[in-house]
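K.L.:
Data: protein-v6.csv, CSV, C-alpha atoms.
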chain,number,residue,atom,x,y,z
A,206,MET,CA,-47.1,81.4,-40.8
A,207,GLU,CA,-50.6,82.6,-40.1
A,208,ARG,CA,-50.3,85.1,-43.0
A,209,VAL,CA,-49.5,82.2,-45.4
A,210,VAL,CA,-52.4,80.1,-44.0
A,211,ALA,CA,-54.8,83.1,-44.5
A,212,ARG,CA,-53.4,83.7,-48.0
A,213,ASP,CA,-53.7,80.1,-49.2
A,214,PHE,CA,-56.8,78.7,-47.4
A,215,SER,CA,-60.3,80.0,-47.0
A,216,PRO,CA,-61.3,81.4,-43.6
A,217,ASP,CA,-63.4,78.4,-42.8
A,218,LEU,CA,-60.4,76.1,-43.2
A,219,GLN,CA,-57.7,78.0,-41.4
A,220,ALA,CA,-58.2,76.6,-37.9
A,221,GLN,CA,-58.2,73.1,-39.5
A,222,VAL,CA,-55.0,73.8,-41.4
A,223,LEU,CA,-53.2,75.0,-38.3
A,224,GLN,CA,-54.4,72.0,-36.4
A,225,ALA,CA,-53.3,69.6,-39.1
A,226,ILE,CA,-49.8,71.0,-39.5
A,227,SER,CA,-49.3,71.0,-35.7
A,228,ALA,CA,-49.1,67.2,-35.9
A,229,TYR,CA,-45.5,67.9,-37.0
A,230,GLY,CA,-43.5,69.1,-34.0
A,231,ALA,CA,-45.6,67.3,-31.4
A,232,GLU,CA,-42.8,64.9,-30.7
A,233,SER,CA,-39.5,66.3,-29.2
A,234,CYS,CA,-37.5,64.6,-32.0
A,235,GLN,CA,-39.2,66.6,-34.7
A,236,ARG,CA,-36.9,69.5,-35.4
A,237,GLU,CA,-37.4,73.0,-36.8
A,238,ALA,CA,-41.2,72.9,-36.5
A,239,HIS,CA,-41.9,76.5,-37.7
A,240,ARG,CA,-39.7,76.0,-40.8
A,241,VAL,CA,-41.2,72.7,-41.6
A,242,HIS,CA,-44.8,74.0,-41.1
A,243,LEU,CA,-44.1,76.7,-43.7
A,244,ASP,CA,-42.6,74.1,-46.1
A,245,ILE,CA,-45.7,71.9,-45.6
A,246,LEU,CA,-47.9,74.9,-46.5
A,247,LYS,CA,-45.8,75.6,-49.6
A,248,LEU,CA,-46.0,72.0,-50.9
A,249,ALA,CA,-49.7,71.8,-50.1
A,250,ASP,CA,-50.4,74.9,-52.3
A,251,GLY,CA,-53.9,75.4,-50.8
A,252,ASP,CA,-55.0,71.8,-51.0
A,253,MET,CA,-56.3,70.2,-47.8
A,254,ALA,CA,-55.7,66.6,-49.0
A,255,ARG,CA,-52.1,67.5,-50.0
A,256,LEU,CA,-51.6,69.3,-46.7
A,257,ALA,CA,-52.5,66.0,-44.9
A,258,ARG,CA,-50.1,64.0,-47.1
A,259,GLU,CA,-47.2,66.5,-46.7
A,260,THR,CA,-47.7,66.7,-42.9
A,261,GLU,CA,-47.5,62.9,-42.8
A,262,ASN,CA,-44.4,62.9,-45.0
A,263,ALA,CA,-42.8,65.5,-42.7
A,264,CYS,CA,-43.5,63.4,-39.7
A,265,CYS,CA,-41.6,60.5,-41.4
A,266,ASP,CA,-38.6,62.6,-42.5
A,267,TYR,CA,-38.6,66.4,-42.2
A,268,ARG,CA,-35.5,66.6,-44.4
A,269,ASP,CA,-37.4,65.5,-47.5
A,270,THR,CA,-40.0,68.2,-46.8
A,271,ILE,CA,-37.3,70.9,-46.6
A,272,LEU,CA,-35.6,69.6,-49.7
A,273,SER,CA,-38.8,69.5,-51.7
A,274,ALA,CA,-40.0,73.0,-50.6
A,275,GLU,CA,-36.8,74.9,-50.3
A,276,TYR,CA,-34.4,73.3,-52.7
A,277,PRO,CA,-36.4,71.7,-55.5
A,278,ASN,CA,-33.8,72.2,-58.3
A,279,TYR,CA,-30.9,71.1,-56.1
A,280,GLY,CA,-32.9,68.1,-55.0
A,281,ARG,CA,-33.4,66.9,-58.6
A,282,LYS,CA,-29.6,67.1,-59.2
A,283,MET,CA,-28.2,66.4,-55.7
A,284,PHE,CA,-26.7,63.0,-56.6
A,285,ARG,CA,-24.6,64.6,-59.4
A,286,ILE,CA,-24.3,68.2,-58.1
A,287,ASP,CA,-20.6,67.7,-57.4
A,288,LYS,CA,-20.1,67.0,-61.1
A,289,LEU,CA,-21.5,70.4,-62.2
A,290,PRO,CA,-19.3,73.4,-62.7
A,291,PRO,CA,-19.3,75.8,-59.6
A,292,ASP,CA,-21.2,78.5,-61.5
A,293,GLU,CA,-24.0,76.1,-62.4
A,294,ARG,CA,-24.2,74.9,-58.7
A,295,LYS,CA,-24.4,78.5,-57.6
A,296,ARG,CA,-27.1,79.2,-60.2
A,297,ILE,CA,-29.2,76.3,-59.0
A,298,ILE,CA,-28.8,77.3,-55.3
A,299,ASP,CA,-29.7,80.9,-56.1
A,300,ALA,CA,-32.7,79.9,-58.1
A,301,ASP,CA,-34.0,77.8,-55.3
A,302,ARG,CA,-33.6,80.6,-52.8
A,303,ASP,CA,-35.3,83.1,-55.1
A,304,GLN,CA,-38.3,80.8,-55.8
A,305,TYR,CA,-38.8,80.2,-52.0
A,306,GLU,CA,-38.5,83.9,-51.2
A,307,ALA,CA,-41.0,84.7,-54.0
A,308,TRP,CA,-43.4,82.2,-52.6
A,309,LEU,CA,-43.1,83.7,-49.1
A,310,ARG,CA,-43.8,87.3,-50.5
A,311,ARG,CA,-46.8,86.3,-52.5
Can you present the structure in this file as structure tokens?
P.N.:
Amino acid sequence: MERVVARDFSPDLQAQVLQAISAYGAESCQREAHRVHLDILKLADGDMARLARETENACCDYRDTILSAEYPNYGRKMFRIDKLPPDERKRIIDADRDQYEAWLRR
């Protein structure tokens, strides 16, 4: 996570970024903190204002954060995904995985 913070934010903001995202996971009912922190960083895309909004959103419902960051294509089609042919569903899932992994490798 620190590598992503260093990659996406200037050195003078990095401590502030880590402090901001630590708001998620402070309560025992907030699950998968490390994963959600990465997803917040992905959605923020280097923007402090967006980081604050995404952290607040994650505190409300972390599942929305995970869906938006890790499964954007699936999320757009999730209410009709079962109507798609199996090969199309697989393509969507694979594309989502590939985009997330590419973002992590940047």
K.L.:
Please list as a list in words every residue within 6 Å of region 249-266 of chain A, counting all atoms listed in the file and excluding residues in the same chain fewer than 6 positions away.
P.N.:
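These residues fall inside the cut-off: Asp213, Phe214, Ile226 and Tyr229 of chain A.
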K.L.:
Rounded to one decimal place, report the CA of Glu306 (chain A)-CA of Arg285 (chain A) distance in Å.
P.N.:
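Interatomic distance here is 25.2 Å.
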K.L.:
When you count only C-alpha atoms, which of these residues is closest to Val210 (chain A): A:Leu223, A:Leu309, A:Ala274, A:Ala228?
P.N.:
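The shortest atom-to-atom distance to Val210 (chain A) comes from A:Leu223.
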K.L.:
May I ask for the distance between CA of Tyr279 (chain A) and CA of Arg311 (chain A), given in Å to one decimal place?
P.N.:
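These atoms are spaced 22.3 Å apart.
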K.L.:
Which residue, A:Ala231, A:Pro216, A:Lys288, A:Tyr305, has the smallest gap to Leu248 (chain A) when you use only C-alpha atoms?
P.N.:
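So, comparing all the options, the nearest one is A:Tyr305.
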K.L.:
Please, what distance in Å, to one decimal, runs between CA of Lys282 (chain A) and CA of Leu243 (chain A)?
P.N.:
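Value for the CA of Lys282 (chain A)-CA of Leu243 (chain A) distance: 23.3 Å.
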K.L.:
Looking at A:Val222, A:Ala238, A:Arg294, A:Leu246, which one is nearest to Arg268 (chain A), with distances taken over all atoms listed in the file?
P.N.:
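When distances to Arg268 (chain A) are compared using all atoms listed in the file, the smallest one comes from A:Ala238.
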K.L.:
Of the candidates A:Ser215, A:Gln221, A:Ser273, A:Gln304, which one gets nearest to Val241 (chain A) if we count only C-alpha atoms?
P.N.:
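The answer is A:Ser273, which sits nearest to Val241 (chain A).
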K.L.:
In the coordinate frame of the file, compute which residues have an atom within 12 Å of (-34.4, 77.6, -53.2) when using all atoms listed in the file, and state them as a PyMOL selection string.
P.N.:
chain A and resi 244+271-280+294-309
K.L.:
Would you please work out which residue, of A:Met283, A:Leu289, A:Ser227, A:Lys247, is nearest to Thr270 (chain A) when using all atoms listed in the file?
P.N.:
A:Lys247
K.L.:
For region 241-271 of chain A, where the input has fewer atoms than it should, I would like N, CA and C atoms rebuilt and written as a tab-separated table (two decimals), in the frame of the given file.
P.N.:
chain	number	residue	atom	x	y	z
A	241	VAL	N	-40.59	73.78	-40.95
A	241	VAL	CA	-41.20	72.70	-41.60
A	241	VAL	C	-42.72	72.96	-41.84
A	242	HIS	N	-43.36	73.65	-40.90
A	242	HIS	CA	-44.80	74.00	-41.10
A	242	HIS	C	-44.91	74.90	-42.37
A	243	LEU	N	-44.02	75.86	-42.53
A	243	LEU	CA	-44.10	76.70	-43.70
A	243	LEU	C	-43.84	75.85	-44.99
A	244	ASP	N	-42.90	74.93	-44.91
A	244	ASP	CA	-42.60	74.10	-46.10
A	244	ASP	C	-43.81	73.19	-46.41
A	245	ILE	N	-44.49	72.68	-45.40
A	245	ILE	CA	-45.70	71.90	-45.60
A	245	ILE	C	-46.74	72.75	-46.36
A	246	LEU	N	-46.91	73.98	-45.90
A	246	LEU	CA	-47.90	74.90	-46.50
A	246	LEU	C	-47.50	75.16	-47.99
A	247	LYS	N	-46.22	75.34	-48.24
A	247	LYS	CA	-45.80	75.60	-49.60
A	247	LYS	C	-46.11	74.40	-50.50
A	248	LEU	N	-45.77	73.22	-50.04
A	248	LEU	CA	-46.00	72.00	-50.90
A	248	LEU	C	-47.49	71.72	-51.02
A	249	ALA	N	-48.30	72.06	-50.01
A	249	ALA	CA	-49.70	71.80	-50.10
A	249	ALA	C	-50.41	72.71	-51.11
A	250	ASP	N	-49.91	73.91	-51.27
A	250	ASP	CA	-50.40	74.90	-52.30
A	250	ASP	C	-51.94	75.03	-52.18
A	251	GLY	N	-52.43	75.17	-50.96
A	251	GLY	CA	-53.90	75.40	-50.80
A	251	GLY	C	-54.77	74.24	-50.82
A	252	ASP	N	-54.23	73.05	-50.90
A	252	ASP	CA	-55.00	71.80	-51.00
A	252	ASP	C	-55.00	71.04	-49.72
A	253	MET	N	-56.16	70.85	-49.11
A	253	MET	CA	-56.30	70.20	-47.80
A	253	MET	C	-55.77	68.73	-47.87
A	254	ALA	N	-56.11	68.01	-48.92
A	254	ALA	CA	-55.70	66.60	-49.00
A	254	ALA	C	-54.15	66.56	-49.12
A	255	ARG	N	-53.59	67.44	-49.90
A	255	ARG	CA	-52.10	67.50	-50.00
A	255	ARG	C	-51.48	67.91	-48.71
A	256	LEU	N	-52.13	68.82	-48.00
A	256	LEU	CA	-51.60	69.30	-46.70
A	256	LEU	C	-51.50	68.05	-45.76
A	257	ALA	N	-52.50	67.20	-45.75
A	257	ALA	CA	-52.50	66.00	-44.90
A	257	ALA	C	-51.32	65.09	-45.30
A	258	ARG	N	-51.14	64.88	-46.61
A	258	ARG	CA	-50.10	64.00	-47.10
A	258	ARG	C	-48.69	64.60	-46.75
A	259	GLU	N	-48.53	65.90	-46.97
A	259	GLU	CA	-47.20	66.50	-46.70
A	259	GLU	C	-46.92	66.56	-45.22
A	260	THR	N	-47.93	66.71	-44.38
A	260	THR	CA	-47.70	66.70	-42.90
A	260	THR	C	-47.25	65.27	-42.53
A	261	GLU	N	-47.91	64.26	-43.06
A	261	GLU	CA	-47.50	62.90	-42.80
A	261	GLU	C	-46.10	62.60	-43.25
A	262	ASN	N	-45.78	63.09	-44.45
A	262	ASN	CA	-44.40	62.90	-45.00
A	262	ASN	C	-43.39	63.60	-44.07
A	263	ALA	N	-43.71	64.79	-43.60
A	263	ALA	CA	-42.80	65.50	-42.70
A	263	ALA	C	-42.56	64.77	-41.42
A	264	CYS	N	-43.61	64.15	-40.92
A	264	CYS	CA	-43.50	63.40	-39.70
A	264	CYS	C	-42.57	62.17	-39.87
A	265	CYS	N	-42.51	61.65	-41.10
A	265	CYS	CA	-41.60	60.50	-41.40
A	265	CYS	C	-40.17	60.99	-41.52
A	266	ASP	N	-39.94	62.05	-42.31
A	266	ASP	CA	-38.60	62.60	-42.50
A	266	ASP	C	-38.68	64.04	-42.92
A	267	TYR	N	-38.51	64.93	-41.97
A	267	TYR	CA	-38.60	66.40	-42.20
A	267	TYR	C	-37.64	66.86	-43.29
A	268	ARG	N	-36.53	66.17	-43.43
A	268	ARG	CA	-35.50	66.60	-44.40
A	268	ARG	C	-36.03	66.55	-45.82
A	269	ASP	N	-36.84	65.55	-46.12
A	269	ASP	CA	-37.40	65.50	-47.50
A	269	ASP	C	-38.37	66.62	-47.72
A	270	THR	N	-39.10	67.03	-46.69
A	270	THR	CA	-40.00	68.20	-46.80
A	270	THR	C	-39.23	69.44	-47.10
A	271	ILE	N	-38.16	69.66	-46.35
A	271	ILE	CA	-37.30	70.90	-46.60
A	271	ILE	C	-36.72	70.84	-47.95
